[in-house]
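What follows is the content of upload.txt, which has compact mmCIF, C-alpha atoms:
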```txt
# COMPACT_ATOMS: atom_id res chain seq x y z
CA LYS A 30 -4.56 13.25 7.09
CA ALA A 31 -1.38 11.24 7.43
CA SER A 32 -2.85 7.94 6.27
CA SER A 33 -4.65 9.52 3.29
CA SER A 34 -1.49 11.33 2.19
CA ILE A 35 0.61 8.16 2.49
CA ALA A 36 -2.01 6.07 0.67
CA LEU A 37 -2.28 8.44 -2.30
CA ALA A 38 1.47 9.06 -2.63
CA THR A 39 2.45 5.39 -2.40
CA ILE A 40 -0.24 4.09 -4.77
CA LEU A 41 0.71 6.68 -7.41
CA LEU A 42 4.41 5.83 -7.00
CA GLY A 43 3.55 2.13 -7.20
CA MET A 44 1.58 2.62 -10.41
CA LEU A 45 4.47 4.58 -11.94
CA CYS A 46 6.93 1.79 -11.06
CA LEU A 47 4.52 -0.84 -12.38
CA VAL A 48 4.05 0.91 -15.74
CA LEU A 49 7.78 1.56 -16.17
CA ASP A 50 8.48 -2.11 -15.44
CA LEU A 51 6.28 -3.28 -18.33
CA THR A 52 7.85 -4.53 -21.55
CA ASP A 53 5.86 -1.89 -23.48
CA PRO A 54 5.05 0.90 -20.99
CA LEU A 55 3.24 3.01 -23.60
CA PHE A 56 0.63 0.29 -24.04
CA PHE A 57 -0.39 0.08 -20.36
CA TRP A 58 -3.81 1.51 -21.28
CA ARG A 59 -4.79 -1.78 -22.92
CA ILE A 60 -5.37 -3.47 -19.57
CA LEU A 61 -7.78 -0.64 -18.75
CA VAL A 62 -9.86 -1.51 -21.82
CA PHE A 63 -9.65 -5.29 -22.15
CA TYR A 64 -10.68 -7.30 -19.09
CA ASN A 65 -10.45 -10.96 -18.19
CA PRO A 66 -12.47 -11.75 -15.02
CA THR A 67 -10.42 -14.93 -14.45
CA SER A 68 -7.14 -12.99 -14.39
CA VAL A 69 -5.74 -11.77 -11.07
CA MET A 70 -4.19 -8.84 -12.91
CA SER A 71 -7.52 -7.74 -14.39
CA VAL A 72 -9.32 -7.99 -11.05
CA GLY A 73 -6.59 -5.92 -9.42
CA VAL A 74 -6.78 -3.26 -12.12
CA MET A 75 -10.54 -3.01 -11.65
CA MET A 76 -10.02 -2.39 -7.94
CA LEU A 77 -7.31 0.18 -8.65
CA LEU A 78 -9.61 2.08 -11.02
CA PHE A 79 -11.88 2.77 -8.04
CA TYR A 80 -9.25 2.94 -5.29
CA ILE A 81 -7.01 5.64 -6.79
CA PRO A 82 -9.69 8.30 -7.49
CA LEU A 83 -11.49 7.57 -4.20
CA THR A 84 -8.22 7.90 -2.28
CA ALA A 85 -7.61 11.21 -4.04
CA VAL A 86 -11.12 12.35 -3.04
CA LEU A 87 -10.52 11.29 0.57
CA THR A 88 -7.22 13.20 0.60
CA VAL A 89 -8.99 16.32 -0.71
CA ILE A 90 -11.59 15.95 2.06
CA VAL A 91 -9.13 15.72 4.94
CA LEU A 92 -6.66 18.31 3.59
CA ARG A 93 -9.18 20.83 2.25
CA HIS A 94 -8.45 23.35 5.01
CA SER A 95 -4.69 22.78 4.88
CA LEU A 96 -4.25 23.53 1.16
CA LYS A 97 -5.63 27.08 1.09
CA TRP A 98 -2.14 28.31 0.19
CA LEU A 99 -2.25 26.72 -3.30
CA PRO A 100 -1.93 29.44 -5.99
CA PHE A 101 -4.20 30.35 -8.93
CA GLY A 102 -7.37 29.70 -6.94
CA LEU A 103 -6.60 25.99 -6.54
CA GLY A 104 -6.73 26.28 -2.75
CA SER A 105 -10.26 27.64 -2.87
CA LEU A 106 -11.29 25.00 -5.41
CA VAL A 107 -9.89 22.17 -3.28
CA GLU A 108 -11.73 23.54 -0.23
CA LYS A 109 -15.06 23.72 -2.09
CA LEU A 110 -14.66 20.21 -3.54
CA GLY A 111 -13.67 18.91 -0.11
CA ASP A 112 -16.79 20.37 1.45
CA ILE A 113 -18.95 18.73 -1.23
CA PHE A 114 -17.30 15.32 -0.96
CA ASN A 115 -17.29 15.50 2.84
CA LYS A 116 -21.03 14.71 2.82
CA ALA A 117 -20.14 11.18 1.67
CA ARG A 118 -16.98 10.82 3.76
CA GLY A 119 -18.21 7.80 5.75
CA PRO A 120 -19.09 5.54 2.78
CA ILE A 121 -15.98 6.63 0.87
CA THR A 122 -13.75 5.73 3.83
CA TRP A 123 -15.23 2.24 4.14
CA ILE A 124 -15.02 1.58 0.39
CA VAL A 125 -11.37 2.72 0.33
CA LEU A 126 -10.59 0.49 3.32
CA PHE A 127 -12.17 -2.54 1.63
CA LEU A 128 -10.35 -1.87 -1.65
CA ALA A 129 -7.04 -1.34 0.19
CA PHE A 130 -7.18 -4.84 1.69
CA GLY A 131 -8.14 -6.27 -1.70
CA ILE A 132 -5.30 -4.54 -3.52
CA CYS A 133 -2.75 -5.65 -0.91
CA ALA A 134 -3.86 -9.26 -1.30
CA TYR A 135 -4.01 -8.99 -5.10
CA THR A 136 -0.42 -7.72 -5.21
CA GLY A 137 0.71 -10.64 -3.08
CA PHE A 138 -1.11 -13.18 -5.28
CA LEU A 139 0.32 -11.59 -8.42
CA ILE A 140 3.94 -11.61 -7.24
CA SER A 141 3.69 -15.07 -5.65
CA ALA A 142 2.82 -16.49 -9.09
CA LEU A 143 6.44 -15.96 -10.22
CA ILE A 144 7.51 -19.62 -9.99
CA ARG A 145 11.13 -18.88 -10.95
CA TYR A 146 11.72 -17.08 -7.65
CA PRO A 147 11.34 -19.41 -4.61
CA LEU A 148 11.68 -16.49 -2.19
CA ILE A 149 8.36 -15.01 -3.30
CA ASN A 150 6.64 -18.05 -4.82
CA THR A 151 4.67 -18.78 -1.66
CA ALA A 152 1.01 -18.66 -0.64
CA VAL A 153 1.99 -16.75 2.51
CA LEU A 154 2.91 -13.64 0.51
CA PRO A 155 -0.67 -12.28 0.14
CA ALA A 156 -1.14 -12.49 3.92
CA LEU A 157 2.17 -10.69 4.46
CA PHE A 158 1.17 -7.92 2.07
CA VAL A 159 -2.12 -7.40 3.90
CA ALA A 160 -0.40 -7.36 7.30
CA SER A 161 2.36 -4.98 6.30
CA GLY A 162 1.91 -1.26 5.77
CA VAL A 163 3.65 2.01 6.45
CA SER A 164 2.81 3.42 9.87
CA ALA A 165 1.02 6.77 9.67
CA LYS A 166 1.96 7.66 13.24
CA LEU A 167 5.31 9.30 12.45
CA LEU A 168 3.84 11.52 9.73
CA ALA A 169 0.86 12.38 11.92
CA THR A 170 3.06 13.70 14.74
CA ALA A 171 5.82 15.26 12.62
CA VAL A 172 3.74 17.01 9.93
CA PHE A 173 0.17 17.37 11.19
CA GLY A 174 0.88 18.10 14.86
CA GLU A 175 -0.99 15.14 16.32
CA LYS A 176 -0.32 14.65 20.05
CA ARG A 177 1.36 11.38 20.95
CA ASP A 178 -1.05 10.75 23.82
CA SER A 179 -4.21 11.39 21.77
CA HIS A 180 -7.00 8.81 21.54
CA THR A 181 -6.40 8.19 17.82
CA MET A 182 -2.67 7.60 18.33
CA HIS A 183 -3.45 5.24 21.19
CA ILE A 184 -5.70 3.16 18.91
CA LEU A 185 -3.03 3.07 16.17
CA HIS A 186 -0.42 2.01 18.69
CA LEU A 187 -2.58 -0.83 20.03
CA ALA A 188 -3.33 -2.06 16.51
CA GLU A 189 0.30 -1.96 15.45
CA TRP A 190 1.58 -4.66 17.81
CA PRO A 191 -0.65 -7.50 16.53
CA MET A 192 -0.02 -6.37 12.94
CA MET A 193 3.74 -6.55 13.45
CA ALA A 194 3.34 -9.94 15.11
CA ALA A 195 1.42 -11.15 12.04
CA GLU A 196 4.16 -9.82 9.74
CA ILE A 197 6.91 -11.54 11.74
CA SER A 198 4.93 -14.81 11.67
CA CYS A 199 4.54 -14.60 7.87
CA ILE A 200 8.25 -13.92 7.35
CA PHE A 201 9.10 -16.80 9.70
CA MET A 202 6.83 -19.17 7.73
CA ILE A 203 8.43 -18.09 4.44
CA ALA A 204 11.91 -18.70 5.87
CA MET A 205 10.97 -22.13 7.24
CA ALA A 206 9.35 -23.14 3.93
CA MET A 207 12.59 -22.31 2.11
CA ILE A 208 14.97 -23.83 4.63
CA PHE A 209 13.13 -27.17 4.56
CA GLY A 210 12.09 -26.93 0.91
CA MET A 211 13.68 -28.14 -2.32
CA ALA A 212 17.21 -27.28 -3.42
CA GLY A 213 16.15 -24.08 -5.21
CA ALA A 214 14.29 -22.84 -2.15
CA GLN A 215 17.21 -23.66 0.14
CA ALA A 216 19.57 -21.73 -2.15
CA ALA A 217 17.25 -18.71 -1.93
CA VAL A 218 17.76 -18.57 1.84
CA THR A 219 21.09 -16.83 1.13
CA ALA A 220 19.05 -13.74 0.20
CA PHE A 221 18.52 -13.26 3.95
CA THR A 222 22.21 -13.54 4.82
CA THR A 223 24.43 -12.28 1.99
CA GLY A 224 24.44 -9.65 -0.72
CA VAL A 225 22.63 -6.36 -1.21
CA TRP A 226 19.15 -7.86 -0.68
CA ALA A 227 20.13 -9.12 2.76
CA THR A 228 21.01 -5.53 3.68
CA VAL A 229 17.71 -4.30 2.25
CA PHE A 230 15.83 -6.91 4.30
CA TRP A 231 17.54 -6.29 7.64
CA VAL A 232 17.68 -2.50 7.32
CA GLY A 233 14.37 -2.04 5.53
CA ALA A 234 12.00 -4.77 6.69
CA VAL A 235 13.43 -5.36 10.17
CA GLY A 236 14.89 -1.92 10.97
CA VAL A 237 12.35 0.42 9.37
CA GLY A 238 9.39 -1.98 9.33
CA PHE A 239 9.65 -3.20 12.94
CA GLY A 240 12.27 -1.15 14.78
CA VAL A 241 11.10 2.37 13.92
CA PRO A 242 7.39 1.78 14.72
```
Do you think you could lay out the structure here as structure tokens?
Amino acid sequence: KASSSIALATILLGMLCLVLDLTDPLFFWRILVFYNPTSVMSVGVMMLLFYIPLTAVLTVIVLRHSLKWLPFGLGSLVEKLGDIFNKARGPITWIVLFLAFGICAYTGFLISALIRYPLINTAVLPALFVASGVSAKLLATAVFGEKRDSHTMHILHLAEWPMMAAEISCIFMIAMAMIFGMAGAQAAVTAFTTGVWATVFWVGAVGVGFGVP
């Protein structure tokens, strides 16, 4: 329940930010119609076209009994749809998992192509995007009443340590590549030490990303 809710909310927020960041936001639909198989952007959009609705379906499945309170008969409708989709829950879960890894990597490849920004113009970025993710454990215990000593939480906790180790390794490689890189890359190292983005990194990435979990 927690992971499905986080996945749907964050992907919708990400899509909103992406569209608003376009030069012509009202023409975002064009990339949904015209495809270029050799473009990283087009491949990512194709994955998103499947990932977003399937994530919504998975969320309906796992929350179908928790949304009975919705007014105007929506609660009953969600429950009925959830029961129908639940028959294909296994395949949907695996497809969503596969697409999630693909979209994480695609986002990293897309952003790393920005050659004007040495901080993110690195081949390590896709690996970092795949390794990083919001932990569902806090939401599971706080909102859905999951017990901290449950089997599922134990599995999540065991998986989190190697994932965080992979993230730290990726960040370390990015830092080393800049420190020993060309002048532009060396100048970008200041983003880790001064200014507002240094605060965002140490509070967000280190504090929230590593410390809280």
Give me the residues near Phe127 (chain A) as a PDB file with C-alpha atoms, in the frame of the given file, where near means some atom within 12 Å (using all atoms listed in the file) and where sequence neighbours in that chain fewer than 4 positions away do not count.
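Saved the output as out28.pdb:
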```pdb
ATOM      1  CA  MET A  76     -10.020  -2.390  -7.940  1.00  0.00           C
ATOM      2  CA  LEU A  77      -7.310   0.180  -8.650  1.00  0.00           C
ATOM      3  CA  PHE A  79     -11.880   2.770  -8.040  1.00  0.00           C
ATOM      4  CA  TYR A  80      -9.250   2.940  -5.290  1.00  0.00           C
ATOM      5  CA  LEU A  83     -11.490   7.570  -4.200  1.00  0.00           C
ATOM      6  CA  THR A  84      -8.220   7.900  -2.280  1.00  0.00           C
ATOM      7  CA  PRO A 120     -19.090   5.540   2.780  1.00  0.00           C
ATOM      8  CA  ILE A 121     -15.980   6.630   0.870  1.00  0.00           C
ATOM      9  CA  THR A 122     -13.750   5.730   3.830  1.00  0.00           C
ATOM     10  CA  TRP A 123     -15.230   2.240   4.140  1.00  0.00           C
ATOM     11  CA  GLY A 131      -8.140  -6.270  -1.700  1.00  0.00           C
ATOM     12  CA  ILE A 132      -5.300  -4.540  -3.520  1.00  0.00           C
ATOM     13  CA  CYS A 133      -2.750  -5.650  -0.910  1.00  0.00           C
ATOM     14  CA  ALA A 134      -3.860  -9.260  -1.300  1.00  0.00           C
ATOM     15  CA  VAL A 159      -2.120  -7.400   3.900  1.00  0.00           C
TER      16      VAL A 159
END
```
*asked:* As an exercise, work out the distance from CA of Tyr135 (chain A) to CA of Val72 (chain A) in Å and give it to one decimal place.
replied: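 Answer for the CA of Tyr135 (chain A) to CA of Val72 (chain A) separation: 8.0 Å.
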I need every residue sitting at most 8 Å from the point (12.5, -20.9, -3.1) (coordinates as in the file, all atoms listed in the file considered), written as a PDB file with C-alpha atoms, keeping the file's coordinate frame.
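Saved result, result35.pdb, follows:
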```
ATOM      1  CA  TYR A 146      11.720 -17.080  -7.650  1.00  0.00           C
ATOM      2  CA  PRO A 147      11.340 -19.410  -4.610  1.00  0.00           C
ATOM      3  CA  LEU A 148      11.680 -16.490  -2.190  1.00  0.00           C
ATOM      4  CA  ILE A 149       8.360 -15.010  -3.300  1.00  0.00           C
ATOM      5  CA  ASN A 150       6.640 -18.050  -4.820  1.00  0.00           C
ATOM      6  CA  MET A 207      12.590 -22.310   2.110  1.00  0.00           C
ATOM      7  CA  GLY A 210      12.090 -26.930   0.910  1.00  0.00           C
ATOM      8  CA  MET A 211      13.680 -28.140  -2.320  1.00  0.00           C
ATOM      9  CA  ALA A 212      17.210 -27.280  -3.420  1.00  0.00           C
ATOM     10  CA  GLY A 213      16.150 -24.080  -5.210  1.00  0.00           C
ATOM     11  CA  ALA A 214      14.290 -22.840  -2.150  1.00  0.00           C
ATOM     12  CA  GLN A 215      17.210 -23.660   0.140  1.00  0.00           C
ATOM     13  CA  ALA A 216      19.570 -21.730  -2.150  1.00  0.00           C
ATOM     14  CA  ALA A 217      17.250 -18.710  -1.930  1.00  0.00           C
ATOM     15  CA  VAL A 218      17.760 -18.570   1.840  1.00  0.00           C
TER      16      VAL A 218
END
```
Original post:
Which distance in Å separates CA of Glu108 (chain A) and CA of Phe173 (chain A), to one decimal?
Top reply: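 These two atoms are separated by 17.6 Å.
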When you draw a straight line from CA of Leu168 (chain A) to CA of Ser33 (chain A), how long is it in Å?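 It comes out at 10.8 Å.
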- Item | Exercise: Gly104 (chain A) partners within 12 Å, only C-alpha atoms, chain neighbours under 4 positions left out, as a VMD selection string | chain A and resid 89 92 to 100 108 to 111
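If you measure from each of A:Gly137, A:Pro242, A:Gly119, A:Gly174 to Leu157 (chain A) using only C-alpha atoms, the closest one turns out to be A:Gly137.
Considering the residues A:Ala220, A:Leu37, A:Ala31, A:Val225 and counting all atoms listed in the file, Ala129 (chain A) has its shortest atom-to-atom contact with A:Leu37.
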Option closest in space to Leu126 (chain A), from A:Leu87, A:Thr181, A:Ser105, A:Leu55 [counting only C-alpha atoms]: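 Between A:Leu87, A:Thr181, A:Ser105, A:Leu55, the residue approaching Leu126 (chain A) most closely is A:Leu87.
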- Minimum-distance residue to Ser198 (chain A), chosen among A:Ala156, A:Val237, A:Phe230, A:Thr136 (using all atoms listed in the file):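 Closest to Ser198 (chain A), using all atoms listed in the file: A:Ala156.
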In terms of only C-alpha atoms, the residue from A:Ile140, A:Ile113, A:Leu185, A:Val48 at minimal distance from Ile60 (chain A) is A:Val48
Padding 4 Å on every side, please: axis-aligned box over the listed atoms of region 55-74 of chain A, centre and edge lengths to one decimal in Å, as JSON.
```
{"center_x": -4.6, "center_y": -6.0, "center_z": -16.7, "size_x": 23.7, "size_y": 25.9, "size_z": 22.6}
```
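Nearest to Ser34 (chain A) of all the residues A:Met193, A:Val86, A:Val229, A:Leu128 is A:Val86, counting all atoms listed in the file.
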